[in-house]
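Student: Here you go, this is protein_15.txt (compact mmCIF, C-alpha atoms).
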# COMPACT_ATOMS: atom_id res chain seq x y z
CA MET A 634 -5.56 20.21 12.90
CA LYS A 635 -4.54 18.72 9.55
CA LEU A 636 -1.53 17.07 11.13
CA LEU A 637 -3.77 15.60 13.80
CA THR A 638 -6.28 14.16 11.31
CA ALA A 639 -3.45 12.74 9.17
CA PHE A 640 -1.99 11.14 12.32
CA ILE A 641 -5.39 9.70 13.31
CA SER A 642 -5.91 8.38 9.79
CA GLY A 643 -2.47 6.72 9.80
CA THR A 644 -3.16 5.16 13.20
CA LEU A 645 -6.55 3.76 12.15
CA PHE A 646 -5.02 2.52 8.90
CA GLY A 647 -2.23 0.75 10.78
CA LEU A 648 -4.66 -0.80 13.29
CA GLY A 649 -6.78 -2.00 10.37
CA LEU A 650 -3.78 -3.64 8.73
CA ILE A 651 -2.84 -5.39 11.99
CA LEU A 652 -6.41 -6.56 12.71
CA ALA A 653 -6.82 -7.77 9.12
CA GLY A 654 -3.64 -9.83 9.40
CA MET A 655 -1.89 -8.01 6.56
CA THR A 656 1.19 -7.33 8.66
CA ASP A 657 1.91 -11.06 8.50
CA PRO A 658 3.66 -11.77 5.16
CA LEU A 659 2.75 -15.46 5.46
CA LYS A 660 -0.96 -14.60 5.49
CA VAL A 661 -0.54 -12.33 2.47
CA LEU A 662 1.41 -15.02 0.58
CA ALA A 663 -1.25 -17.59 1.53
CA PHE A 664 -3.82 -15.31 -0.15
CA LEU A 665 -1.71 -15.07 -3.32
CA ASP A 666 -1.09 -18.85 -3.29
CA VAL A 667 -4.35 -19.74 -5.04
CA THR A 668 -3.11 -23.13 -6.26
CA GLY A 669 -1.84 -24.13 -2.82
CA ARG A 670 -3.64 -23.99 0.53
CA TRP A 671 -5.52 -20.79 -0.20
CA ASP A 672 -6.47 -18.34 2.57
CA PRO A 673 -9.25 -16.10 1.14
CA SER A 674 -9.18 -13.64 4.10
CA LEU A 675 -7.63 -10.77 2.18
CA ALA A 676 -10.50 -10.70 -0.28
CA LEU A 677 -12.70 -9.73 2.69
CA VAL A 678 -10.20 -7.05 3.71
CA MET A 679 -10.57 -5.53 0.25
CA ILE A 680 -14.39 -5.80 0.31
CA GLY A 681 -14.60 -4.17 3.76
CA ALA A 682 -12.15 -1.41 2.89
CA ILE A 683 -13.60 -0.60 -0.54
CA GLY A 684 -17.19 -0.74 0.70
CA CYS A 685 -16.50 1.66 3.56
CA ALA A 686 -14.29 3.96 1.46
CA ALA A 687 -16.82 4.09 -1.41
CA VAL A 688 -19.41 5.70 0.88
CA GLY A 689 -16.91 8.28 2.14
CA PHE A 690 -15.55 9.09 -1.31
CA ALA A 691 -19.05 9.47 -2.73
CA TYR A 692 -19.81 11.99 0.03
CA ALA A 693 -16.47 13.77 -0.52
CA GLY A 694 -17.13 13.86 -4.26
CA LYS A 695 -20.56 15.40 -3.70
CA ARG A 696 -19.16 18.08 -1.36
CA ARG A 697 -16.21 18.79 -3.67
CA ARG A 698 -14.51 20.35 -0.63
CA THR A 699 -12.97 18.92 2.52
CA LEU A 700 -14.82 19.40 5.82
CA PRO A 701 -12.41 22.28 6.74
CA ASP A 702 -13.40 23.73 3.29
CA ASP A 703 -10.22 23.16 1.27
CA ASP A 704 -9.70 21.68 -2.17
CA LEU A 705 -9.81 17.93 -2.63
CA GLN A 706 -6.59 16.71 -4.21
CA LEU A 707 -7.84 13.68 -6.07
CA SER A 708 -6.45 12.25 -9.29
CA THR A 709 -8.64 12.76 -12.35
CA ARG A 710 -6.44 10.68 -14.65
CA ARG A 711 -8.16 8.01 -16.66
CA GLU A 712 -5.58 6.88 -19.22
CA ILE A 713 -4.33 3.31 -19.14
CA ASN A 714 -0.72 3.60 -20.26
CA ALA A 715 2.56 1.72 -20.22
CA PRO A 716 3.86 3.08 -16.88
CA LEU A 717 0.63 1.94 -15.17
CA ILE A 718 0.91 -1.56 -16.64
CA VAL A 719 4.69 -2.02 -16.22
CA GLY A 720 4.67 -0.46 -12.74
CA SER A 721 1.80 -2.64 -11.52
CA THR A 722 3.52 -5.74 -12.90
CA LEU A 723 6.78 -4.92 -11.09
CA PHE A 724 4.85 -4.15 -7.91
CA GLY A 725 2.97 -7.46 -8.12
CA ILE A 726 6.17 -9.44 -8.59
CA GLY A 727 7.77 -7.65 -5.64
CA TRP A 728 4.67 -8.20 -3.49
CA GLY A 729 4.70 -11.91 -4.32
CA LEU A 730 8.40 -12.16 -3.51
CA ALA A 731 8.36 -10.27 -0.22
CA GLY A 732 4.79 -10.75 1.08
CA TYR A 733 4.84 -7.08 2.08
CA CYS A 734 3.26 -4.10 0.40
CA PRO A 735 4.27 -0.60 1.61
CA GLY A 736 1.76 -0.12 4.48
CA PRO A 737 2.36 -3.38 6.36
CA GLY A 738 6.12 -2.94 5.85
CA VAL A 739 6.06 0.42 7.65
CA VAL A 740 3.81 -0.89 10.45
CA GLY A 741 6.07 -3.92 10.93
CA LEU A 742 9.06 -1.60 11.13
CA TRP A 743 8.09 -0.11 14.46
CA ALA A 744 6.84 -3.43 15.71
CA GLY A 745 10.52 -4.42 15.60
CA SER A 746 10.39 -6.96 12.81
CA LEU A 747 13.80 -7.40 11.13
CA PRO A 748 12.32 -8.72 7.84
CA ALA A 749 10.06 -5.63 7.71
CA ALA A 750 13.09 -3.38 8.28
CA VAL A 751 15.00 -5.07 5.44
CA PHE A 752 11.95 -4.71 3.19
CA VAL A 753 11.43 -1.03 4.03
CA ILE A 754 15.09 -0.14 3.42
CA ALA A 755 14.92 -1.83 -0.01
CA LEU A 756 11.56 -0.10 -0.58
CA PHE A 757 13.17 3.31 -0.05
CA PHE A 758 15.93 2.48 -2.52
CA GLY A 759 13.20 1.54 -5.02
CA LEU A 760 11.31 4.80 -4.36
CA GLU A 761 14.55 6.77 -4.66
CA ALA A 762 15.44 4.95 -7.90
CA HIS A 763 12.09 5.99 -9.33
CA ALA A 764 12.55 9.61 -8.21
CA TRP A 765 15.91 9.60 -10.01
CA TYR A 766 14.43 7.91 -13.11
CA ASP A 767 11.58 10.40 -13.19
CA GLN A 768 13.97 13.35 -12.99
CA GLU A 769 16.13 11.96 -15.83
CA ARG A 770 13.05 11.39 -17.95
CA ARG A 771 11.83 14.95 -17.39
CA GLN A 772 15.31 16.23 -18.19
CA ASP A 773 15.34 14.25 -21.45
CA ASP A 774 11.91 15.62 -22.35
CA ALA A 775 13.11 19.14 -21.64
CA ASP A 776 16.26 18.60 -23.75
CA GLU A 777 14.16 17.31 -26.64
CA ALA A 778 11.84 20.28 -26.38
CA VAL A 779 14.87 22.59 -26.62
CA ALA A 780 16.26 20.66 -29.60
CA ASP A 781 12.89 20.83 -31.36
CA SER A 782 12.48 24.56 -30.98
CA MET B 245 -7.56 -25.03 -5.44
CA SER B 246 -8.18 -25.97 -1.83
CA VAL B 247 -9.28 -23.40 0.70
CA ASP B 248 -7.40 -23.48 4.00
CA TRP B 249 -10.42 -22.92 6.28
CA SER B 250 -8.29 -23.18 9.42
CA ALA B 251 -6.37 -20.04 8.36
CA PHE B 252 -9.50 -18.16 7.22
CA THR B 253 -10.25 -15.22 9.53
CA PRO B 254 -13.36 -13.64 8.01
CA TRP B 255 -14.41 -11.33 10.86
CA GLN B 256 -10.97 -9.93 11.58
CA ALA B 257 -10.40 -9.47 7.82
CA LEU B 258 -13.73 -7.72 7.28
CA SER B 259 -13.45 -5.44 10.32
CA GLY B 260 -9.78 -4.69 9.60
CA GLY B 261 -10.80 -3.79 6.06
CA ILE B 262 -13.57 -1.49 7.28
CA LEU B 263 -11.06 0.24 9.58
CA ILE B 264 -8.68 0.74 6.63
CA GLY B 265 -11.55 2.14 4.55
CA PHE B 266 -12.62 4.44 7.41
CA ALA B 267 -9.01 5.70 7.75
CA SER B 268 -8.94 6.68 4.08
CA VAL B 269 -12.29 8.46 4.47
CA VAL B 270 -10.85 10.48 7.39
CA LEU B 271 -7.87 11.50 5.25
CA VAL B 272 -9.93 12.55 2.24
CA LEU B 273 -12.59 14.42 4.23
CA TRP B 274 -10.18 16.40 6.43
CA ASN B 275 -6.99 16.54 4.38
CA GLY B 276 -8.40 16.14 0.89
CA ARG B 277 -5.80 13.47 0.21
CA ILE B 278 -5.69 9.89 -1.00
CA ALA B 279 -4.44 7.40 1.61
CA GLY B 280 -1.95 5.75 -0.73
CA ILE B 281 1.05 4.60 1.24
CA SER B 282 3.48 4.44 -1.68
CA GLY B 283 2.47 7.94 -2.76
CA ILE B 284 2.74 9.32 0.79
CA LEU B 285 6.22 7.80 1.21
CA GLY B 286 7.35 8.76 -2.29
CA GLY B 287 6.25 12.36 -1.74
CA LEU B 288 8.60 12.59 1.22
CA LEU B 289 11.58 11.99 -1.08
CA ILE B 290 10.69 14.78 -3.48
CA ARG B 291 10.30 17.56 -0.93
CA VAL B 292 7.71 20.16 -1.75
CA ASP B 293 7.35 23.02 0.74
CA GLY B 294 4.30 22.72 2.96
CA ASP B 295 3.49 19.23 1.69
CA SER B 296 5.58 17.11 4.04
CA GLY B 297 3.88 17.67 7.40
CA TRP B 298 0.73 15.62 6.80
CA ARG B 299 2.84 12.84 5.24
CA PHE B 300 5.06 12.58 8.33
CA ALA B 301 1.99 12.71 10.57
CA PHE B 302 0.32 9.86 8.68
CA ILE B 303 3.48 7.72 8.75
CA LEU B 304 3.86 8.42 12.48
CA GLY B 305 0.29 7.17 12.88
CA LEU B 306 1.16 3.96 11.06
CA LEU B 307 4.16 3.51 13.35
CA ALA B 308 2.06 4.26 16.45
CA ALA B 309 -0.54 1.61 15.55
CA PRO B 310 1.42 -1.46 16.75
CA TRP B 311 2.08 0.25 20.10
CA LEU B 312 -1.58 1.09 20.56
CA TRP B 313 -2.44 -2.49 19.60
CA ALA B 314 0.05 -3.82 22.14
CA ALA B 315 -1.33 -1.52 24.86
CA VAL B 316 -4.83 -2.92 24.35
CA HIS B 317 -3.61 -6.52 24.10
CA ARG B 318 -1.50 -6.53 27.27
CA GLY B 319 1.81 -5.86 25.58
CA SER B 320 1.64 -8.47 22.91
CA LEU B 321 2.10 -7.59 19.28
CA PRO B 322 0.48 -9.75 16.65
CA GLN B 323 2.94 -12.55 16.01
CA SER B 324 3.96 -14.05 12.71
CA SER B 325 5.92 -17.23 12.23
CA PHE B 326 7.55 -15.46 9.31
CA SER B 327 11.31 -15.76 9.75
CA PRO B 328 13.49 -15.81 6.65
CA GLY B 329 16.32 -18.29 7.08
CA SER B 330 18.20 -18.85 3.87
CA PRO B 331 20.05 -16.09 1.97
CA TRP B 332 17.54 -16.75 -0.82
CA GLU B 333 14.64 -15.73 1.43
CA TRP B 334 16.40 -12.53 2.55
CA GLY B 335 17.16 -11.86 -1.11
CA GLN B 336 13.46 -12.16 -1.90
CA LEU B 337 12.73 -9.43 0.66
CA VAL B 338 15.38 -7.13 -0.80
CA VAL B 339 14.45 -7.65 -4.46
CA GLY B 340 10.77 -7.51 -3.47
CA GLY B 341 11.27 -4.17 -1.69
CA LEU B 342 13.10 -2.64 -4.64
CA LEU B 343 10.41 -3.76 -7.11
CA VAL B 344 7.57 -2.60 -4.84
CA GLY B 345 9.22 0.83 -4.42
CA PHE B 346 9.94 1.41 -8.10
CA GLY B 347 6.79 -0.26 -9.44
CA THR B 348 4.29 1.51 -7.18
CA ARG B 349 5.70 4.93 -8.07
CA LEU B 350 5.71 4.11 -11.78
CA ALA B 351 2.08 3.00 -11.53
CA ASN B 352 1.15 5.86 -9.14
CA GLY B 353 -0.25 3.56 -6.50
CA CYS B 354 -0.16 0.36 -4.51
CA THR B 355 -2.65 -1.82 -2.63
CA SER B 356 -3.97 1.20 -0.73
CA GLY B 357 -3.96 3.94 -3.40
CA HIS B 358 -5.27 1.88 -6.30
CA GLY B 359 -6.65 -1.13 -4.41
CA VAL B 360 -8.73 0.67 -1.79
CA CYS B 361 -9.13 4.36 -2.70
CA GLY B 362 -9.03 3.94 -6.50
CA LEU B 363 -11.54 1.10 -6.58
CA ALA B 364 -13.77 2.94 -4.11
CA ARG B 365 -13.83 5.83 -6.61
CA PHE B 366 -14.57 3.43 -9.50
CA SER B 367 -11.40 4.47 -11.33
CA PRO B 368 -10.76 2.32 -14.44
CA ARG B 369 -7.02 3.02 -14.08
CA SER B 370 -7.05 1.54 -10.60
CA LEU B 371 -9.08 -1.48 -11.68
CA VAL B 372 -6.46 -2.28 -14.34
CA ALA B 373 -3.64 -1.73 -11.83
CA VAL B 374 -5.27 -4.04 -9.24
CA LEU B 375 -5.97 -6.82 -11.75
CA ILE B 376 -2.35 -6.66 -12.96
CA PHE B 377 -0.61 -6.56 -9.57
CA MET B 378 -2.85 -9.28 -8.14
CA SER B 379 -2.15 -11.52 -11.16
CA ALA B 380 1.59 -10.78 -11.02
CA GLY B 381 1.61 -11.56 -7.29
CA VAL B 382 -0.25 -14.84 -7.80
CA ALA B 383 2.09 -15.80 -10.67
CA THR B 384 5.16 -14.96 -8.58
CA VAL B 385 4.02 -17.04 -5.60
CA PHE B 386 3.18 -19.88 -7.96
CA MET B 387 6.70 -19.73 -9.39
CA THR B 388 8.51 -19.51 -6.05
CA ARG B 389 6.36 -22.07 -4.18
CA HIS B 390 5.32 -24.59 -6.79
CA VAL B 391 7.85 -24.36 -9.62
CA ALA B 392 11.13 -23.38 -7.96
CA GLY B 393 9.92 -25.17 -4.81
CA VAL B 394 11.34 -22.96 -2.08
Spit out the file's structure as structure tokens when you get a sec.
Tutor:
Amino acid sequence: MKLLTAFISGTLFGLGLILAGMTDPLKVLAFLDVTGRWDPSLALVMIGAIGCAAVGFAYAGKRRRTLPDDDLQLSTRREINAPLIVGSTLFGIGWGLAGYCPGPGVVGLWAGSLPAAVFVIALFFGLEAHAWYDQERRQDDADEAVADS
Amino acid sequence: MSVDWSAFTPWQALSGGILIGFASVVLVLWNGRIAGISGILGGLLIRVDGDSGWRFAFILGLLAAPWLWAAVHRGSLPQSSFSPGSPWEWGQLVVGGLLVGFGTRLANGCTSGHGVCGLARFSPRSLVAVLIFMSAGVATVFMTRHVAGV
């Protein structure tokens, strides 16, 4: 059941990205190109998505449980720290360079787009690099904790 | 600033957005999870037992979407005139992919996790993330299109 709902969610998400035009890097770049010939469409994508999601999340927050009665696994973090700021900056630069963010890249992959495939392969190297970095960092923290004790 | 009205697709954008929002509501109400693509992909690399199935299912859904779209639209996928030619343009895709992968994991979210789900939950962390990555994206496009001129 949970696999089915995750699959349905992914399918709807992908259809939404296609309909919204986000799978076209040129449209995304035209949105980011505010000093050029600006295409404001993506602002409406965000408004539609956030508006619809806000209703659902408010309901989920009130229930505190999923419909099948399991725990919600939602982040409760509130701190604004260096990783958030540096990470978002790097992401923004990459987004502006490629015109793809992760979702449209994956959708474009199966649609047979070579640029999307190149992007997604690089994306996985980036994700893997972070997994490695994160592990090293945890290891360093653990070593320091041992040295301190 | 000049708005390119000929490229503006308000109804597709709005209805596509609503569909994206609805998809994230489905995932949170049935799976209790945030529909953040970078997080879903990243979680596949650090395998935790019993936590991979829903991730694969969601990604399969994303991959199925263009086929479903094509089936409804008589076999035609949405076309883009995007075709990188020069080595510089391919390089942008590669460097862009690396930065998006590393950056989104460092910041714990991308356009979907922070931009849609985070803002829908009124998370201050997500608001900061969105303002920063939007600004960085705008600055980058300004540099590549209007300063470097490629």
Student: Produce a table with one row for each residue of chain B that has an atom at most 6 Å from any atom of chain A, each row naming the nearest atom pair and its distance in Å at one decimal; use all atoms listed in the file; arrange rows by chain and rising residue number; format as JSON lines.
Tutor:
{"residue": "B:Met245", "atom": "CA", "partner": "A:Thr668", "partner_atom": "CA", "distance": 4.9}
{"residue": "B:Ser246", "atom": "CA", "partner": "A:Arg670", "partner_atom": "CA", "distance": 5.5}
{"residue": "B:Val247", "atom": "CA", "partner": "A:Trp671", "partner_atom": "CA", "distance": 4.7}
{"residue": "B:Asp248", "atom": "CA", "partner": "A:Arg670", "partner_atom": "CA", "distance": 5.1}
{"residue": "B:Phe252", "atom": "CA", "partner": "A:Ser674", "partner_atom": "CA", "distance": 5.5}
{"residue": "B:Thr253", "atom": "CA", "partner": "A:Ser674", "partner_atom": "CA", "distance": 5.8}
{"residue": "B:Pro254", "atom": "CA", "partner": "A:Ser674", "partner_atom": "CA", "distance": 5.7}
{"residue": "B:Gln256", "atom": "CA", "partner": "A:Ala653", "partner_atom": "CA", "distance": 5.3}
{"residue": "B:Ala257", "atom": "CA", "partner": "A:Ala653", "partner_atom": "CA", "distance": 4.2}
{"residue": "B:Leu258", "atom": "CA", "partner": "A:Val678", "partner_atom": "CA", "distance": 5.1}
{"residue": "B:Gly260", "atom": "CA", "partner": "A:Gly649", "partner_atom": "CA", "distance": 4.1}
{"residue": "B:Gly261", "atom": "CA", "partner": "A:Val678", "partner_atom": "CA", "distance": 4.1}
{"residue": "B:Ile262", "atom": "CA", "partner": "A:Gly681", "partner_atom": "CA", "distance": 4.5}
{"residue": "B:Leu263", "atom": "CA", "partner": "A:Gly649", "partner_atom": "CA", "distance": 4.9}
{"residue": "B:Ile264", "atom": "CA", "partner": "A:Phe646", "partner_atom": "CA", "distance": 4.7}
{"residue": "B:Gly265", "atom": "CA", "partner": "A:Ala682", "partner_atom": "CA", "distance": 4.0}
{"residue": "B:Ala267", "atom": "CA", "partner": "A:Ser642", "partner_atom": "CA", "distance": 4.6}
{"residue": "B:Val269", "atom": "CA", "partner": "A:Gly689", "partner_atom": "CA", "distance": 5.2}
{"residue": "B:Val270", "atom": "CA", "partner": "A:Ser642", "partner_atom": "CA", "distance": 5.9}
{"residue": "B:Leu271", "atom": "CA", "partner": "A:Ser642", "partner_atom": "CA", "distance": 5.8}
{"residue": "B:Leu273", "atom": "CA", "partner": "A:Thr699", "partner_atom": "CA", "distance": 4.8}
{"residue": "B:Trp274", "atom": "CA", "partner": "A:Thr699", "partner_atom": "CA", "distance": 5.4}
{"residue": "B:Gly276", "atom": "CA", "partner": "A:Leu705", "partner_atom": "CA", "distance": 4.2}
{"residue": "B:Arg277", "atom": "CA", "partner": "A:Gln706", "partner_atom": "CA", "distance": 5.5}
{"residue": "B:Ile281", "atom": "CA", "partner": "A:Gly736", "partner_atom": "CA", "distance": 5.8}
{"residue": "B:Gly286", "atom": "CA", "partner": "A:Leu760", "partner_atom": "CA", "distance": 6.0}
{"residue": "B:Trp298", "atom": "CA", "partner": "A:Leu636", "partner_atom": "CA", "distance": 5.1}
{"residue": "B:Ala301", "atom": "CA", "partner": "A:Phe640", "partner_atom": "CA", "distance": 4.6}
{"residue": "B:Phe302", "atom": "CA", "partner": "A:Gly643", "partner_atom": "CA", "distance": 4.3}
{"residue": "B:Gly305", "atom": "CA", "partner": "A:Thr644", "partner_atom": "CA", "distance": 4.0}
{"residue": "B:Leu306", "atom": "CA", "partner": "A:Gly647", "partner_atom": "CA", "distance": 4.7}
{"residue": "B:Leu307", "atom": "CA", "partner": "A:Val740", "partner_atom": "CA", "distance": 5.3}
{"residue": "B:Ala309", "atom": "CA", "partner": "A:Thr644", "partner_atom": "CA", "distance": 5.0}
{"residue": "B:Pro310", "atom": "CA", "partner": "A:Ala744", "partner_atom": "CA", "distance": 5.9}
{"residue": "B:Ser324", "atom": "CA", "partner": "A:Asp657", "partner_atom": "CA", "distance": 5.6}
{"residue": "B:Gln336", "atom": "CA", "partner": "A:Leu730", "partner_atom": "CA", "distance": 5.3}
{"residue": "B:Leu337", "atom": "CA", "partner": "A:Ala731", "partner_atom": "CA", "distance": 4.5}
{"residue": "B:Val338", "atom": "CA", "partner": "A:Ala755", "partner_atom": "CA", "distance": 5.4}
{"residue": "B:Gly340", "atom": "CA", "partner": "A:Gly727", "partner_atom": "CA", "distance": 3.7}
{"residue": "B:Gly341", "atom": "CA", "partner": "A:Leu756", "partner_atom": "CA", "distance": 4.2}
{"residue": "B:Leu342", "atom": "CA", "partner": "A:Gly759", "partner_atom": "CA", "distance": 4.2}
{"residue": "B:Leu343", "atom": "CA", "partner": "A:Gly727", "partner_atom": "CA", "distance": 4.9}
{"residue": "B:Val344", "atom": "CA", "partner": "A:Phe724", "partner_atom": "CA", "distance": 4.4}
{"residue": "B:Gly345", "atom": "CA", "partner": "A:Gly759", "partner_atom": "CA", "distance": 4.1}
{"residue": "B:Phe346", "atom": "CA", "partner": "A:Gly759", "partner_atom": "CA", "distance": 4.5}
{"residue": "B:Gly347", "atom": "CA", "partner": "A:Gly720", "partner_atom": "CA", "distance": 3.9}
{"residue": "B:Thr348", "atom": "CA", "partner": "A:Phe724", "partner_atom": "CA", "distance": 5.7}
{"residue": "B:Leu350", "atom": "CA", "partner": "A:Gly720", "partner_atom": "CA", "distance": 4.8}
{"residue": "B:Ala351", "atom": "CA", "partner": "A:Leu717", "partner_atom": "CA", "distance": 4.1}
{"residue": "B:Val360", "atom": "CA", "partner": "A:Ile683", "partner_atom": "CA", "distance": 5.2}
{"residue": "B:Ala364", "atom": "CA", "partner": "A:Ala687", "partner_atom": "CA", "distance": 4.2}
{"residue": "B:Arg369", "atom": "CA", "partner": "A:Arg711", "partner_atom": "CA", "distance": 5.7}
{"residue": "B:Ala373", "atom": "CA", "partner": "A:Ser721", "partner_atom": "CA", "distance": 5.5}
{"residue": "B:Ile376", "atom": "CA", "partner": "A:Thr722", "partner_atom": "CA", "distance": 5.9}
{"residue": "B:Phe377", "atom": "CA", "partner": "A:Gly725", "partner_atom": "CA", "distance": 4.0}
{"residue": "B:Ala380", "atom": "CA", "partner": "A:Gly725", "partner_atom": "CA", "distance": 4.6}
{"residue": "B:Gly381", "atom": "CA", "partner": "A:Gly729", "partner_atom": "CA", "distance": 4.3}
{"residue": "B:Val382", "atom": "CA", "partner": "A:Leu665", "partner_atom": "CA", "distance": 4.7}
{"residue": "B:Thr384", "atom": "CA", "partner": "A:Gly729", "partner_atom": "CA", "distance": 5.3}
{"residue": "B:Val385", "atom": "CA", "partner": "A:Gly729", "partner_atom": "CA", "distance": 5.3}
Student: Filtering to C-alpha atoms, could you give me those residues as an mmCIF file, keeping the file's coordinate frame?
Tutor:
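So the final result, stored in selection.cif, reads:
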data_model
loop_
_atom_site.group_PDB
_atom_site.id
_atom_site.type_symbol
_atom_site.label_atom_id
_atom_site.label_comp_id
_atom_site.auth_asym_id
_atom_site.auth_seq_id
_atom_site.Cartn_x
_atom_site.Cartn_y
_atom_site.Cartn_z
ATOM 1 C CA MET B 245 -7.560 -25.030 -5.440
ATOM 2 C CA SER B 246 -8.180 -25.970 -1.830
ATOM 3 C CA VAL B 247 -9.280 -23.400 0.700
ATOM 4 C CA ASP B 248 -7.400 -23.480 4.000
ATOM 5 C CA PHE B 252 -9.500 -18.160 7.220
ATOM 6 C CA THR B 253 -10.250 -15.220 9.530
ATOM 7 C CA PRO B 254 -13.360 -13.640 8.010
ATOM 8 C CA GLN B 256 -10.970 -9.930 11.580
ATOM 9 C CA ALA B 257 -10.400 -9.470 7.820
ATOM 10 C CA LEU B 258 -13.730 -7.720 7.280
ATOM 11 C CA GLY B 260 -9.780 -4.690 9.600
ATOM 12 C CA GLY B 261 -10.800 -3.790 6.060
ATOM 13 C CA ILE B 262 -13.570 -1.490 7.280
ATOM 14 C CA LEU B 263 -11.060 0.240 9.580
ATOM 15 C CA ILE B 264 -8.680 0.740 6.630
ATOM 16 C CA GLY B 265 -11.550 2.140 4.550
ATOM 17 C CA ALA B 267 -9.010 5.700 7.750
ATOM 18 C CA VAL B 269 -12.290 8.460 4.470
ATOM 19 C CA VAL B 270 -10.850 10.480 7.390
ATOM 20 C CA LEU B 271 -7.870 11.500 5.250
ATOM 21 C CA LEU B 273 -12.590 14.420 4.230
ATOM 22 C CA TRP B 274 -10.180 16.400 6.430
ATOM 23 C CA GLY B 276 -8.400 16.140 0.890
ATOM 24 C CA ARG B 277 -5.800 13.470 0.210
ATOM 25 C CA ILE B 281 1.050 4.600 1.240
ATOM 26 C CA GLY B 286 7.350 8.760 -2.290
ATOM 27 C CA TRP B 298 0.730 15.620 6.800
ATOM 28 C CA ALA B 301 1.990 12.710 10.570
ATOM 29 C CA PHE B 302 0.320 9.860 8.680
ATOM 30 C CA GLY B 305 0.290 7.170 12.880
ATOM 31 C CA LEU B 306 1.160 3.960 11.060
ATOM 32 C CA LEU B 307 4.160 3.510 13.350
ATOM 33 C CA ALA B 309 -0.540 1.610 15.550
ATOM 34 C CA PRO B 310 1.420 -1.460 16.750
ATOM 35 C CA SER B 324 3.960 -14.050 12.710
ATOM 36 C CA GLN B 336 13.460 -12.160 -1.900
ATOM 37 C CA LEU B 337 12.730 -9.430 0.660
ATOM 38 C CA VAL B 338 15.380 -7.130 -0.800
ATOM 39 C CA GLY B 340 10.770 -7.510 -3.470
ATOM 40 C CA GLY B 341 11.270 -4.170 -1.690
ATOM 41 C CA LEU B 342 13.100 -2.640 -4.640
ATOM 42 C CA LEU B 343 10.410 -3.760 -7.110
ATOM 43 C CA VAL B 344 7.570 -2.600 -4.840
ATOM 44 C CA GLY B 345 9.220 0.830 -4.420
ATOM 45 C CA PHE B 346 9.940 1.410 -8.100
ATOM 46 C CA GLY B 347 6.790 -0.260 -9.440
ATOM 47 C CA THR B 348 4.290 1.510 -7.180
ATOM 48 C CA LEU B 350 5.710 4.110 -11.780
ATOM 49 C CA ALA B 351 2.080 3.000 -11.530
ATOM 50 C CA VAL B 360 -8.730 0.670 -1.790
ATOM 51 C CA ALA B 364 -13.770 2.940 -4.110
ATOM 52 C CA ARG B 369 -7.020 3.020 -14.080
ATOM 53 C CA ALA B 373 -3.640 -1.730 -11.830
ATOM 54 C CA ILE B 376 -2.350 -6.660 -12.960
ATOM 55 C CA PHE B 377 -0.610 -6.560 -9.570
ATOM 56 C CA ALA B 380 1.590 -10.780 -11.020
ATOM 57 C CA GLY B 381 1.610 -11.560 -7.290
ATOM 58 C CA VAL B 382 -0.250 -14.840 -7.800
ATOM 59 C CA THR B 384 5.160 -14.960 -8.580
ATOM 60 C CA VAL B 385 4.020 -17.040 -5.600
#
Student: Smallest atom-to-atom distance to B:Gly359: which of B:His390, B:Ala251, B:Ala279, B:Gly329, using only C-alpha atoms?
Tutor: B:Ala279
Student: Please write as a ChimeraX atom specification the list of polymer residues whose atoms come within 9 Å of (2.4, 7.8, -1.4), counting all atoms listed in the file and keeping to the coordinates of the file.
Tutor: /B:278-288,299,348-349,352-354,357
Student: For atom CA of B:Thr388 and atom CA of B:Gly335, quote the distance in Å rounded to one decimal.
Tutor: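 Result for atom CA of B:Thr388 versus atom CA of B:Gly335: 12.6 Å, one decimal.
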Student: Work out how far atom CA of B:Leu321 is from atom CA of B:Ser259, in Å to one decimal.
Tutor: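 Computing it gives 18.1 Å between the two atoms.
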